file input_24.cif (mmCIF, C-alpha atoms)
data_entry
loop_
_atom_site.label_atom_id
_atom_site.label_comp_id
_atom_site.auth_asym_id
_atom_site.auth_seq_id
_atom_site.Cartn_x
_atom_site.Cartn_y
_atom_site.Cartn_z
CA MET A 139 173.24 129.91 97.89
CA THR A 140 170.99 127.05 99.10
CA ASP A 141 167.95 128.37 97.19
CA ILE A 142 170.06 128.90 94.08
CA ALA A 143 171.47 125.36 94.26
CA ALA A 144 167.98 123.90 94.60
CA GLU A 145 166.80 125.81 91.53
CA ILE A 146 169.83 124.71 89.47
CA VAL A 147 169.08 121.03 90.15
CA GLN A 148 165.72 121.52 88.44
CA MET A 149 167.27 123.09 85.33
CA SER A 150 168.16 121.34 82.11
CA THR A 151 169.37 123.76 79.49
CA ASP A 152 167.98 122.35 76.25
CA TYR A 153 166.32 125.26 74.46
CA TYR A 154 166.13 123.51 71.08
CA HIS A 155 165.05 120.14 72.58
CA MET A 156 168.23 118.19 71.83
CA ASP A 157 166.89 115.41 74.06
CA ASP A 158 164.25 114.68 71.42
CA LEU A 159 167.06 113.68 69.05
CA LEU A 160 168.57 111.16 71.50
CA THR A 161 167.69 107.49 71.80
CA ALA A 162 166.21 106.16 75.02
CA GLU A 163 169.59 104.63 75.92
CA GLU A 164 171.40 107.94 75.31
CA ARG A 165 168.90 109.82 77.47
CA ASP A 166 169.28 107.21 80.20
CA ILE A 167 173.08 107.52 80.21
CA ARG A 168 172.82 111.29 80.28
CA GLN A 169 170.35 111.25 83.17
CA ARG A 170 172.28 108.69 85.24
CA THR A 171 175.47 110.67 84.81
CA ARG A 172 173.72 113.93 85.71
CA GLN A 173 172.23 112.42 88.85
CA PHE A 174 175.58 110.97 89.94
CA PHE A 175 177.33 114.33 89.61
CA GLU A 176 174.51 116.26 91.28
CA THR A 177 174.34 113.93 94.29
CA GLU A 178 177.90 112.62 94.69
CA VAL A 179 180.27 115.17 93.13
CA VAL A 180 178.98 118.75 93.26
CA PRO A 181 178.16 118.73 97.02
CA ILE A 182 181.74 117.76 97.97
CA ILE A 183 184.06 118.97 95.22
CA ASN A 184 184.90 122.56 96.20
CA PRO A 185 187.09 121.75 99.23
CA TYR A 186 188.96 119.12 97.18
CA TRP A 187 189.40 121.61 94.34
CA GLU A 188 190.75 124.22 96.77
CA ARG A 189 193.16 121.74 98.40
CA ALA A 190 194.18 120.30 95.01
CA GLU A 191 193.23 116.77 96.09
CA PHE A 192 191.25 114.13 94.23
CA PRO A 193 188.22 112.61 96.04
CA MET A 194 189.34 108.99 95.79
CA GLN A 195 186.17 107.73 97.50
CA LEU A 196 184.26 108.52 94.30
CA ILE A 197 186.03 105.88 92.20
CA PRO A 198 184.05 102.79 93.32
CA LYS A 199 180.81 104.77 93.09
CA PHE A 200 181.82 105.95 89.62
CA ALA A 201 182.39 102.35 88.55
CA HIS A 202 178.76 101.51 89.36
CA LEU A 203 177.61 103.93 86.66
CA GLY A 204 178.75 101.32 84.15
CA ILE A 205 179.96 103.79 81.51
CA ALA A 206 183.74 103.26 81.59
CA GLY A 207 184.98 102.18 78.18
CA GLY A 208 182.28 104.17 76.42
CA MET A 209 182.19 103.18 72.76
CA ILE A 210 184.45 100.11 73.08
CA LYS A 211 182.54 96.93 72.26
CA GLY A 212 183.13 93.72 74.19
CA TYR A 213 185.47 92.98 77.12
CA GLY A 214 182.78 94.18 79.54
CA CYS A 215 182.64 97.66 77.97
CA PRO A 216 179.23 99.23 77.34
CA GLY A 217 179.69 99.76 73.59
CA SER A 218 177.61 102.92 73.73
CA SER A 219 177.17 105.38 70.88
CA ALA A 220 179.44 108.38 70.42
CA VAL A 221 176.41 110.54 71.19
CA ALA A 222 175.95 108.79 74.56
CA PHE A 223 179.68 109.17 75.25
CA GLY A 224 179.31 112.86 74.43
CA VAL A 225 176.26 113.75 76.49
CA ALA A 226 177.72 111.85 79.45
CA GLY A 227 180.83 114.03 79.19
CA MET A 228 178.63 117.12 78.93
CA GLU A 229 176.89 116.22 82.19
CA MET A 230 180.21 115.42 83.89
CA SER A 231 181.73 118.79 83.04
CA ARG A 232 178.46 120.50 84.00
CA GLY A 233 179.15 119.04 87.44
CA ASP A 234 182.92 119.32 87.72
CA GLY A 235 185.80 119.57 85.27
CA SER A 236 188.42 117.80 87.40
CA VAL A 237 186.37 114.64 87.89
CA CYS A 238 185.28 114.78 84.25
CA THR A 239 188.89 114.86 83.07
CA PHE A 240 189.90 112.09 85.49
CA PHE A 241 187.30 109.92 83.79
CA GLY A 242 188.18 111.14 80.30
CA VAL A 243 191.83 110.23 80.78
CA HIS A 244 190.98 106.80 82.17
CA SER A 245 188.11 105.85 79.86
CA GLY A 246 188.84 107.90 76.74
CA LEU A 247 192.61 108.14 76.43
CA ALA A 248 193.88 105.07 78.31
CA MET A 249 191.09 102.59 77.59
CA GLY A 250 190.57 104.13 74.16
CA SER A 251 194.22 103.50 73.24
CA ILE A 252 193.96 99.86 74.27
CA GLY A 253 190.58 99.45 72.60
CA MET A 254 191.74 100.98 69.29
CA LEU A 255 195.33 99.74 69.17
CA GLY A 256 195.61 96.66 71.36
CA SER A 257 195.51 93.04 70.28
CA ASP A 258 192.62 90.83 71.38
CA GLU A 259 194.85 89.38 74.11
CA GLN A 260 195.85 92.84 75.33
CA LYS A 261 192.25 94.02 75.40
CA GLU A 262 191.18 90.89 77.28
CA ARG A 263 194.00 91.37 79.79
CA TRP A 264 193.48 95.04 80.64
CA LEU A 265 190.02 96.29 79.68
CA PRO A 266 187.78 94.27 82.07
CA PRO A 267 189.49 95.52 85.27
CA MET A 268 189.55 99.04 83.80
CA VAL A 269 185.79 98.86 83.12
CA ARG A 270 185.31 97.97 86.79
CA MET A 271 187.75 100.78 87.65
CA GLU A 272 189.81 98.34 89.69
CA LYS A 273 192.75 99.50 87.58
CA ILE A 274 193.06 103.20 86.68
CA GLY A 275 194.81 104.34 83.52
CA CYS A 276 196.80 107.38 82.46
CA PHE A 277 198.08 108.51 79.06
CA GLY A 278 201.59 109.85 78.53
CA LEU A 279 202.14 111.73 75.27
CA THR A 280 202.99 115.36 76.14
CA GLU A 281 206.60 116.04 77.14
CA PRO A 282 208.45 118.94 78.81
CA ASN A 283 209.79 120.10 75.43
CA VAL A 284 207.09 118.61 73.19
CA GLY A 285 203.47 119.72 73.32
CA SER A 286 201.53 119.95 70.10
CA ASN A 287 204.48 118.62 68.07
CA SER A 288 203.68 115.06 69.10
CA TRP A 289 205.41 113.48 66.10
CA ASN A 290 208.78 114.68 67.44
CA LEU A 291 208.85 112.83 70.76
CA GLU A 292 212.07 112.81 72.77
CA THR A 293 211.14 109.76 74.86
CA THR A 294 212.77 106.68 73.30
CA PHE A 295 212.58 102.91 73.34
CA ARG A 296 214.88 100.11 72.23
CA LYS A 297 214.48 96.35 72.11
CA ASP A 298 216.41 94.29 74.66
CA GLY A 299 215.61 90.60 74.35
CA ASP A 300 212.00 90.02 75.32
CA HIS A 301 211.69 93.54 76.76
CA TYR A 302 211.76 97.15 75.61
CA ILE A 303 213.78 99.79 77.48
CA LEU A 304 212.15 103.24 77.76
CA ASN A 305 213.89 106.49 78.66
CA GLY A 306 212.53 110.01 78.72
CA ALA A 307 210.07 112.32 80.42
CA LYS A 308 206.38 113.21 80.20
CA ARG A 309 204.51 116.24 81.54
CA TRP A 310 200.93 117.18 82.43
CA ILE A 311 199.92 113.53 82.76
CA GLY A 312 196.52 113.29 84.46
CA ASN A 313 195.98 110.39 86.90
CA ALA A 314 199.69 109.44 86.79
CA THR A 315 200.20 109.46 90.56
CA MET A 316 197.27 107.07 91.12
CA ALA A 317 197.48 104.98 87.94
CA ASP A 318 197.86 101.22 87.74
CA LEU A 319 198.46 101.31 83.98
CA ALA A 320 200.30 104.00 82.02
CA ILE A 321 200.01 104.30 78.24
CA ILE A 322 203.39 105.74 77.21
CA TRP A 323 204.29 106.90 73.71
CA ALA A 324 207.92 106.81 72.63
CA ARG A 325 210.14 106.86 69.55
CA ASP A 326 212.29 103.94 68.38
CA GLU A 327 215.97 104.83 68.87
CA THR A 328 216.83 103.18 65.56
CA SER A 329 213.95 103.76 63.15
CA GLY A 330 212.37 106.84 64.72
CA LYS A 331 208.94 105.22 64.50
CA VAL A 332 206.47 105.98 67.32
CA GLY A 333 205.15 103.12 69.44
CA GLY A 334 202.78 102.81 72.39
CA PHE A 335 203.40 100.79 75.55
CA VAL A 336 201.28 99.75 78.53
CA ILE A 337 203.40 100.03 81.67
CA GLU A 338 202.01 98.15 84.66
CA LEU A 339 202.67 100.13 87.82
CA PRO A 340 204.57 100.31 90.04
CA THR A 341 207.68 99.42 88.09
CA PRO A 342 211.37 100.31 88.63
CA GLY A 343 212.55 103.47 86.91
CA PHE A 344 209.04 104.99 86.59
CA THR A 345 208.39 107.98 88.85
CA ALA A 346 205.42 110.37 88.83
CA THR A 347 205.60 113.70 90.68
CA LYS A 348 202.54 115.87 91.25
CA ILE A 349 202.56 119.27 89.51
CA GLU A 350 201.77 121.96 92.06
CA GLY A 351 200.35 125.46 91.67
CA LYS A 352 197.64 124.94 89.03
CA ILE A 353 194.80 127.44 88.68
CA ALA A 354 192.52 125.08 86.71
CA LYS A 355 191.18 121.57 87.31
CA ARG A 356 192.91 121.60 90.66
CA ALA A 357 191.27 118.40 91.93
CA LEU A 358 192.69 116.50 88.95
CA ILE A 359 196.23 115.38 89.77
CA ASN A 360 198.62 116.08 86.90
CA ALA A 361 202.18 114.83 87.11
CA ASP A 362 205.65 114.93 85.66
CA ILE A 363 206.83 111.44 84.73
CA LYS A 364 210.44 110.29 84.52
CA LEU A 365 211.33 107.07 82.70
CA GLU A 366 214.80 105.82 83.56
CA ASN A 367 215.63 102.50 81.88
CA VAL A 368 212.08 101.26 82.42
CA ARG A 369 211.83 97.63 81.30
CA VAL A 370 208.53 96.79 79.60
CA PRO A 371 207.67 93.25 78.47
CA ALA A 372 207.46 92.94 74.69
CA ASP A 373 203.87 91.74 75.09
CA ASN A 374 202.98 95.16 76.50
CA LYS A 375 203.73 97.02 73.28
CA LEU A 376 200.39 98.00 71.71
CA ALA A 377 200.07 95.67 68.74
CA LEU A 378 198.41 98.09 66.30
CA ALA A 379 200.32 101.26 67.24
CA THR A 380 202.34 101.75 64.08
CA GLY A 381 203.41 105.41 64.15
CA SER A 382 202.35 108.95 64.97
CA ARG A 383 199.06 108.44 63.09
CA SER A 384 198.08 106.05 65.89
CA THR A 385 198.28 108.81 68.48
CA ALA A 386 196.39 111.14 66.13
CA ALA A 387 193.56 108.60 65.83
CA VAL A 388 193.16 108.44 69.61
CA LEU A 389 193.28 112.22 69.96
CA THR A 390 190.71 112.75 67.20
CA MET A 391 188.24 110.61 69.14
CA THR A 392 188.97 112.29 72.48
CA ARG A 393 188.67 115.80 71.00
CA VAL A 394 185.01 114.98 70.54
CA GLY A 395 184.77 114.52 74.29
CA VAL A 396 186.62 117.78 74.93
CA ALA A 397 184.17 119.63 72.66
CA TRP A 398 181.32 118.30 74.82
CA GLU A 399 183.17 119.52 77.92
CA GLY A 400 182.88 123.08 76.65
CA VAL A 401 179.11 122.59 76.43
CA GLY A 402 178.87 121.29 80.00
CA HIS A 403 180.91 124.08 81.56
CA GLY A 404 178.83 126.62 79.64
CA MET A 405 175.57 125.04 80.82
CA ALA A 406 176.71 125.14 84.43
CA ALA A 407 177.72 128.81 84.25
CA TYR A 408 174.45 129.76 82.53
CA GLU A 409 172.26 127.90 85.02
CA ILE A 410 174.10 129.37 87.99
CA ALA A 411 173.92 132.87 86.53
CA LEU A 412 170.21 132.57 85.64
CA ALA A 413 169.24 131.32 89.11
CA TYR A 414 171.40 133.98 90.77
CA ALA A 415 170.05 136.82 88.62
CA LYS A 416 166.46 135.95 89.51
CA GLN A 417 167.24 136.03 93.25
CA ARG A 418 169.85 138.77 93.57
CA VAL A 419 168.10 142.08 94.37
CA GLN A 420 169.65 145.47 93.58
CA PHE A 421 167.81 148.82 93.38
CA ASP A 422 164.77 147.01 94.81
CA ARG A 423 164.54 144.65 91.82
CA PRO A 424 166.05 141.28 90.88
CA ILE A 425 168.96 141.93 88.55
CA ALA A 426 167.33 139.57 86.02
CA SER A 427 164.94 142.44 85.28
CA PHE A 428 167.75 144.63 83.93
CA GLN A 429 168.27 144.76 80.18
CA MET A 430 172.06 144.28 80.27
CA ILE A 431 171.73 141.15 82.41
CA GLN A 432 169.04 139.73 80.13
CA GLU A 433 171.27 140.40 77.12
CA LYS A 434 174.13 138.45 78.70
CA LEU A 435 171.82 135.55 79.56
CA VAL A 436 170.46 135.42 76.01
CA LYS A 437 173.98 135.46 74.56
CA MET A 438 174.94 132.61 76.90
CA LEU A 439 171.90 130.55 75.90
CA ALA A 440 172.51 131.14 72.18
CA ALA A 441 176.15 130.08 72.54
CA ILE A 442 175.24 126.95 74.49
CA THR A 443 172.55 125.97 72.00
CA SER A 444 174.95 126.39 69.09
CA MET A 445 177.53 124.23 70.87
CA GLN A 446 174.95 121.53 71.59
CA MET A 447 173.84 121.31 67.97
CA PHE A 448 177.43 121.54 66.70
CA THR A 449 178.64 118.73 68.94
CA LEU A 450 175.62 116.47 68.52
CA ARG A 451 176.29 116.39 64.78
CA LEU A 452 179.99 115.79 65.45
CA SER A 453 179.18 112.70 67.52
CA GLN A 454 176.79 111.46 64.85
CA LEU A 455 179.65 111.65 62.33
CA LEU A 456 181.82 109.62 64.70
CA ASP A 457 179.06 107.02 65.03
CA GLN A 458 178.82 106.85 61.23
CA GLY A 459 182.58 106.31 60.93
CA THR A 460 183.04 109.40 58.74
CA LEU A 461 184.55 111.84 61.24
CA THR A 462 187.71 113.58 60.02
CA ASP A 463 190.59 115.11 61.97
CA GLY A 464 189.55 118.53 60.69
CA GLN A 465 185.96 118.15 61.84
CA ALA A 466 187.07 117.11 65.35
CA SER A 467 189.51 120.02 65.53
CA LEU A 468 186.88 122.53 64.36
CA ALA A 469 184.54 121.45 67.15
CA LYS A 470 187.33 121.73 69.70
CA VAL A 471 188.22 125.23 68.45
CA HIS A 472 184.60 126.41 68.44
CA ASN A 473 183.46 124.93 71.74
CA ALA A 474 186.59 125.76 73.72
CA ALA A 475 186.51 129.41 72.67
CA THR A 476 182.72 129.69 72.97
CA GLY A 477 182.57 127.91 76.33
CA ARG A 478 185.34 130.18 77.60
CA GLN A 479 183.26 133.24 76.72
CA VAL A 480 180.09 131.81 78.26
CA VAL A 481 181.70 131.10 81.64
CA ALA A 482 183.19 134.61 81.61
CA TRP A 483 179.72 136.10 81.15
CA GLY A 484 178.44 133.91 83.98
CA ARG A 485 181.18 135.11 86.29
CA GLU A 486 180.37 138.73 85.37
CA ILE A 487 176.69 138.32 86.24
CA LEU A 488 177.59 137.12 89.73
CA GLY A 489 179.80 140.16 90.31
CA GLY A 490 182.04 139.75 93.36
CA ASN A 491 180.35 136.47 94.25
CA GLY A 492 181.56 135.15 90.89
CA ILE A 493 185.07 134.70 92.27
CA LEU A 494 183.93 132.65 95.27
CA LEU A 495 184.01 128.85 95.13
CA ASP A 496 180.76 128.76 97.11
CA TYR A 497 178.86 129.77 93.99
CA ASN A 498 180.63 127.21 91.74
CA VAL A 499 180.89 129.46 88.69
CA ALA A 500 184.47 130.42 89.67
CA ARG A 501 185.49 126.76 89.42
CA HIS A 502 183.98 126.43 85.94
CA PHE A 503 185.54 129.77 84.94
CA ALA A 504 189.01 128.54 85.95
CA ASP A 505 188.58 125.02 84.58
CA MET A 506 187.64 126.28 81.12
CA GLU A 507 191.18 127.65 80.81
CA ALA A 508 192.44 124.07 80.83
CA VAL A 509 189.81 122.96 78.29
CA TYR A 510 190.89 125.83 76.04
CA THR A 511 194.48 124.57 76.10
CA TYR A 512 194.54 120.78 76.26
CA GLU A 513 193.96 118.16 73.54
CA GLY A 514 195.80 120.55 71.24
CA THR A 515 195.83 124.30 71.77
CA ASN A 516 193.25 126.31 69.88
CA GLU A 517 196.02 127.63 67.64
CA ILE A 518 197.13 124.13 66.60
CA ASN A 519 193.57 122.88 66.13
CA THR A 520 192.83 125.98 64.05
CA LEU A 521 195.79 125.19 61.80
CA ILE A 522 194.65 121.56 61.44
CA VAL A 523 191.35 122.86 60.07
CA GLY A 524 193.19 125.42 57.95
CA ARG A 525 195.31 122.66 56.41
CA ASP A 526 192.18 120.61 55.77
CA ILE A 527 190.36 123.36 53.87
CA THR A 528 193.34 124.82 51.96
CA GLY A 529 195.56 121.80 51.47
CA ILE A 530 198.49 123.87 52.79
CA GLN A 531 200.24 123.14 56.09
CA ALA A 532 200.98 126.37 57.95
CA PHE A 533 203.18 124.85 60.67
CA VAL A 534 206.51 123.08 60.29
CA GLY A 535 206.77 119.32 60.74
#
call {"tool": "encode", "arguments": {"input": "input_24.cif", "output": "structure tokens"}}
result
Amino acid sequence: MTDIAAEIVQMSTDYYHMDDLLTAEERDIRQRTRQFFETEVVPIINPYWERAEFPMQLIPKFAHLGIAGGMIKGYGCPGSSAVAFGVAGMEMSRGDGSVCTFFGVHSGLAMGSIGMLGSDEQKERWLPPMVRMEKIGCFGLTEPNVGSNSWNLETTFRKDGDHYILNGAKRWIGNATMADLAIIWARDETSGKVGGFVIELPTPGFTATKIEGKIAKRALINADIKLENVRVPADNKLALATGSRSTAAVLTMTRVGVAWEGVGHGMAAYEIALAYAKQRVQFDRPIASFQMIQEKLVKMLAAITSMQMFTLRLSQLLDQGTLTDGQASLAKVHNAATGRQVVAWGREILGGNGILLDYNVARHFADMEAVYTYEGTNEINTLIVGRDITGIQAFVG
């Protein structure tokens, strides 16, 4: 495995020279992120993944990368392009999906909600310490009985003087057990309108319980949240969150990041499989010399290259301000399904070793199952695109 790992470090799957289309700043962010994951994350992550623990010692090191906040401008955030945000996510997931999603929840969902929907005062209050990763964020939208149907939330809020009172439950909330700030979405008991709140933790009535028994992204801590008469200052209600379209706007942006995750997991599986196939000897020859293995490798490379070009253009549309919900959902559908197939081929090439954590491909194989499901299942994202191209909504709501 040592020789294989050394060869993988030297690889950079870019068959159609995508790097040539990046700016110097975008290439720098990609390279810094890649180096961080190769030196700090990949060498230690497997035992944490197996124990279902998050490597907390990475957080201050992560902060020094200076990429938290991504595309948000001002308040200490880098204000990078969507392309830079994307290729950084690609390199993170190429290293490890759990740590990638930890960062995506904090920087994309939590900071993104504040950056898109907060007032200037709210952004000034919360974003600088989140950039420094002194305060970690989580994002509570999904509920035990509400997944894709996010406009029908059961969690409620009501006004009580200069506070709001929140009651309800959330499920699958990444970072919730370690978070300092929780973005919670709830429905007004009177009007039914959806609003977003920043809950500063710890606070009475807010409990987060780790979900056990996951088979994917095990080092990311997901939690069940209970909200029992949680009092939130009125100033903590996101100023520009004016209904379910607000949550959709945040999710459209973060689906771009999830599409890039599919690319990164696919790259990792391909590079592991290619290095392994050149070194694994059977019938007195490296298995890379066999036609069926070469066919799988070529299919993997073609799929990865298509995902890279697909998602690069997607991020360019986001940078131009013309990205639509349908375009984001199409990329999520394509890259989640394609990445899932690529990691499966990689696991096949490694044979029995493909189910061992030591070779890393098993971790990517398992983690892609989460990518395939979250940020809207592939079925729901497919129907969003279907509605966009036909003008007919195929699901109720």
call {"tool": "residues_around", "arguments": {"input": "input_24.cif", "residues": "Leu450 (chain A)", "least_positions_apart": "2", "cutoff": "12 Å", "atoms": "only C-alpha atoms", "output": "VMD selection string"}}
result
chain A and resid 155 to 160 164 219 to 225 228 394 to 395 397 to 398 401 443 to 448 452 to 457 466 469 473
call {"tool": "write_last_selection", "arguments": {"input": "input_24.cif", "atoms": "C-alpha atoms", "output": "mmCIF file, in the frame of the given file"}}
result
data_model
loop_
_atom_site.group_PDB
_atom_site.id
_atom_site.type_symbol
_atom_site.label_atom_id
_atom_site.label_comp_id
_atom_site.auth_asym_id
_atom_site.auth_seq_id
_atom_site.Cartn_x
_atom_site.Cartn_y
_atom_site.Cartn_z
ATOM 1 C CA HIS A 155 165.050 120.140 72.580
ATOM 2 C CA MET A 156 168.230 118.190 71.830
ATOM 3 C CA ASP A 157 166.890 115.410 74.060
ATOM 4 C CA ASP A 158 164.250 114.680 71.420
ATOM 5 C CA LEU A 159 167.060 113.680 69.050
ATOM 6 C CA LEU A 160 168.570 111.160 71.500
ATOM 7 C CA GLU A 164 171.400 107.940 75.310
ATOM 8 C CA SER A 219 177.170 105.380 70.880
ATOM 9 C CA ALA A 220 179.440 108.380 70.420
ATOM 10 C CA VAL A 221 176.410 110.540 71.190
ATOM 11 C CA ALA A 222 175.950 108.790 74.560
ATOM 12 C CA PHE A 223 179.680 109.170 75.250
ATOM 13 C CA GLY A 224 179.310 112.860 74.430
ATOM 14 C CA VAL A 225 176.260 113.750 76.490
ATOM 15 C CA MET A 228 178.630 117.120 78.930
ATOM 16 C CA VAL A 394 185.010 114.980 70.540
ATOM 17 C CA GLY A 395 184.770 114.520 74.290
ATOM 18 C CA ALA A 397 184.170 119.630 72.660
ATOM 19 C CA TRP A 398 181.320 118.300 74.820
ATOM 20 C CA VAL A 401 179.110 122.590 76.430
ATOM 21 C CA THR A 443 172.550 125.970 72.000
ATOM 22 C CA SER A 444 174.950 126.390 69.090
ATOM 23 C CA MET A 445 177.530 124.230 70.870
ATOM 24 C CA GLN A 446 174.950 121.530 71.590
ATOM 25 C CA MET A 447 173.840 121.310 67.970
ATOM 26 C CA PHE A 448 177.430 121.540 66.700
ATOM 27 C CA LEU A 452 179.990 115.790 65.450
ATOM 28 C CA SER A 453 179.180 112.700 67.520
ATOM 29 C CA GLN A 454 176.790 111.460 64.850
ATOM 30 C CA LEU A 455 179.650 111.650 62.330
ATOM 31 C CA LEU A 456 181.820 109.620 64.700
ATOM 32 C CA ASP A 457 179.060 107.020 65.030
ATOM 33 C CA ALA A 466 187.070 117.110 65.350
ATOM 34 C CA ALA A 469 184.540 121.450 67.150
ATOM 35 C CA ASN A 473 183.460 124.930 71.740
#
call {"tool": "resolve_selection", "arguments": {"input": "input_24.cif", "expression": "the PyMOL selection byres ((chain A and resi 404-413) around 7)", "output": "PyMOL selection string"}}
result
chain A and resi 142+145-146+149+151+232+400-403+414-417+435+438+442+477+480-481+484+487-488+499+502
call {"tool": "closest_residue", "arguments": {"input": "input_24.cif", "among": "A:Glu338, A:Asp234, A:Asp373, A:Tyr154", "to": "Asp258 (chain A)", "atoms": "only C-alpha atoms"}}
result
A:Asp373
call {"tool": "resolve_selection", "arguments": {"input": "input_24.cif", "expression": "the PyMOL selection byres ((chain A and resi 315) around 7)", "output": "list in words"}}
result
Asn313, Ala314, Met316, Ala317, Ala346, Thr347, Lys348 and Ala361 of chain A
call {"tool": "closest_atom_pairs", "arguments": {"input": "input_24.cif", "of": "region 313-408 of chain A", "to": "region 505-525 of chain A", "cutoff": "7 Å", "atoms": "all atoms listed in the file", "output": "CSV"}}
result
residue,atom,partner,partner_atom,distance
A:Ala354,CA,A:Asp505,CA,4.5
A:Lys355,CA,A:Asp505,CA,5.1
A:Leu389,CA,A:Glu513,CA,7.0
A:Arg393,CA,A:Glu513,CA,6.3
A:Val396,CA,A:Val509,CA,6.9
call {"tool": "residues_around", "arguments": {"input": "input_24.cif", "residues": "Gly217 (chain A)", "least_positions_apart": "6", "cutoff": "10 Å", "atoms": "all atoms listed in the file", "output": "PDB file with C-alpha atoms, in the coordinates of the input"}}
result
ATOM      1  CA  ILE A 205     179.960 103.790  81.510  1.00  0.00           C
ATOM      2  CA  ALA A 206     183.740 103.260  81.590  1.00  0.00           C
ATOM      3  CA  GLY A 207     184.980 102.180  78.180  1.00  0.00           C
ATOM      4  CA  GLY A 208     182.280 104.170  76.420  1.00  0.00           C
ATOM      5  CA  MET A 209     182.190 103.180  72.760  1.00  0.00           C
ATOM      6  CA  ILE A 210     184.450 100.110  73.080  1.00  0.00           C
ATOM      7  CA  LYS A 211     182.540  96.930  72.260  1.00  0.00           C
ATOM      8  CA  PHE A 223     179.680 109.170  75.250  1.00  0.00           C
TER       9      PHE A 223
END
call {"tool": "atom_distance", "arguments": {"input": "input_24.cif", "atom1": "CA of Ser245 (chain A)", "atom2": "CA of Arg263 (chain A)"}}
result
15.6 Å
call {"tool": "resolve_selection", "arguments": {"input": "input_24.cif", "expression": "the PyMOL selection byres ((chain A and resi 384) around 9)", "output": "VMD selection string"}}
result
chain A and resid 251 254 to 255 332 to 334 378 to 383 385 to 389
call {"tool": "closest_residue", "arguments": {"input": "input_24.cif", "among": "A:Arg451, A:Arg356, A:Lys434, A:Arg309", "to": "Thr239 (chain A)", "atoms": "all atoms listed in the file"}}
result
A:Arg356
call {"tool": "residues_around", "arguments": {"input": "input_24.cif", "residues": "Gln173 (chain A)", "least_positions_apart": "5", "cutoff": "9 Å", "atoms": "only C-alpha atoms", "output": "JSON, numbers by chain"}}
result
{"A": [168, 178, 229]}
call {"tool": "write_last_selection", "arguments": {"input": "input_24.cif", "atoms": "C-alpha atoms", "output": "mmCIF file, keeping the file's coordinate frame"}}
result
data_model
loop_
_atom_site.group_PDB
_atom_site.id
_atom_site.type_symbol
_atom_site.label_atom_id
_atom_site.label_comp_id
_atom_site.auth_asym_id
_atom_site.auth_seq_id
_atom_site.Cartn_x
_atom_site.Cartn_y
_atom_site.Cartn_z
ATOM 1 C CA ARG A 168 172.820 111.290 80.280
ATOM 2 C CA GLU A 178 177.900 112.620 94.690
ATOM 3 C CA GLU A 229 176.890 116.220 82.190
#
call {"tool": "atom_distance", "arguments": {"input": "input_24.cif", "atom1": "CA of Ile425 (chain A)", "atom2": "CA of Ile182 (chain A)"}}
result
28.9 Å
call {"tool": "atom_distance", "arguments": {"input": "input_24.cif", "atom1": "CA of Val336 (chain A)", "atom2": "CA of Asp362 (chain A)"}}
result
17.3 Å
call {"tool": "residues_around", "arguments": {"input": "input_24.cif", "residues": "Met230 (chain A)", "least_positions_apart": "5", "cutoff": "7 Å", "atoms": "all atoms listed in the file", "output": "list in words"}}
result
Thr171, Arg172, Phe175 and Cys238 of chain A
call {"tool": "build_atoms", "arguments": {"input": "input_24.cif", "residues": "region 274-283 of chain A", "atoms": "N, CA and C atoms", "output": "JSON list (two decimals), keeping the file's coordinate frame"}}
result
[["chain", "number", "residue", "atom", "x", "y", "z"],
["A", 274, "ILE", "N", 193.23, 101.86, 87.25],
["A", 274, "ILE", "CA", 193.06, 103.20, 86.68],
["A", 274, "ILE", "C", 194.18, 103.46, 85.69],
["A", 275, "GLY", "N", 193.83, 104.09, 84.57],
["A", 275, "GLY", "CA", 194.81, 104.34, 83.52],
["A", 275, "GLY", "C", 195.18, 105.81, 83.40],
["A", 276, "CYS", "N", 196.38, 106.04, 82.86],
["A", 276, "CYS", "CA", 196.80, 107.38, 82.46],
["A", 276, "CYS", "C", 197.40, 107.29, 81.06],
["A", 277, "PHE", "N", 197.69, 108.44, 80.47],
["A", 277, "PHE", "CA", 198.08, 108.51, 79.06],
["A", 277, "PHE", "C", 199.23, 109.49, 78.94],
["A", 278, "GLY", "N", 200.41, 109.01, 78.57],
["A", 278, "GLY", "CA", 201.59, 109.85, 78.53],
["A", 278, "GLY", "C", 202.07, 110.14, 77.12],
["A", 279, "LEU", "N", 201.68, 111.29, 76.59],
["A", 279, "LEU", "CA", 202.14, 111.73, 75.27],
["A", 279, "LEU", "C", 202.93, 113.03, 75.38],
["A", 280, "THR", "N", 202.34, 114.05, 76.02],
["A", 280, "THR", "CA", 202.99, 115.36, 76.14],
["A", 280, "THR", "C", 204.29, 115.25, 76.92],
["A", 281, "GLU", "N", 205.28, 116.04, 76.51],
["A", 281, "GLU", "CA", 206.60, 116.04, 77.14],
["A", 281, "GLU", "C", 207.00, 117.45, 77.55],
["A", 282, "PRO", "N", 208.02, 117.59, 78.40],
["A", 282, "PRO", "CA", 208.45, 118.94, 78.81],
["A", 282, "PRO", "C", 208.79, 119.85, 77.64],
["A", 283, "ASN", "N", 209.40, 119.30, 76.59],
["A", 283, "ASN", "CA", 209.79, 120.10, 75.43],
["A", 283, "ASN", "C", 208.93, 119.85, 74.20]]
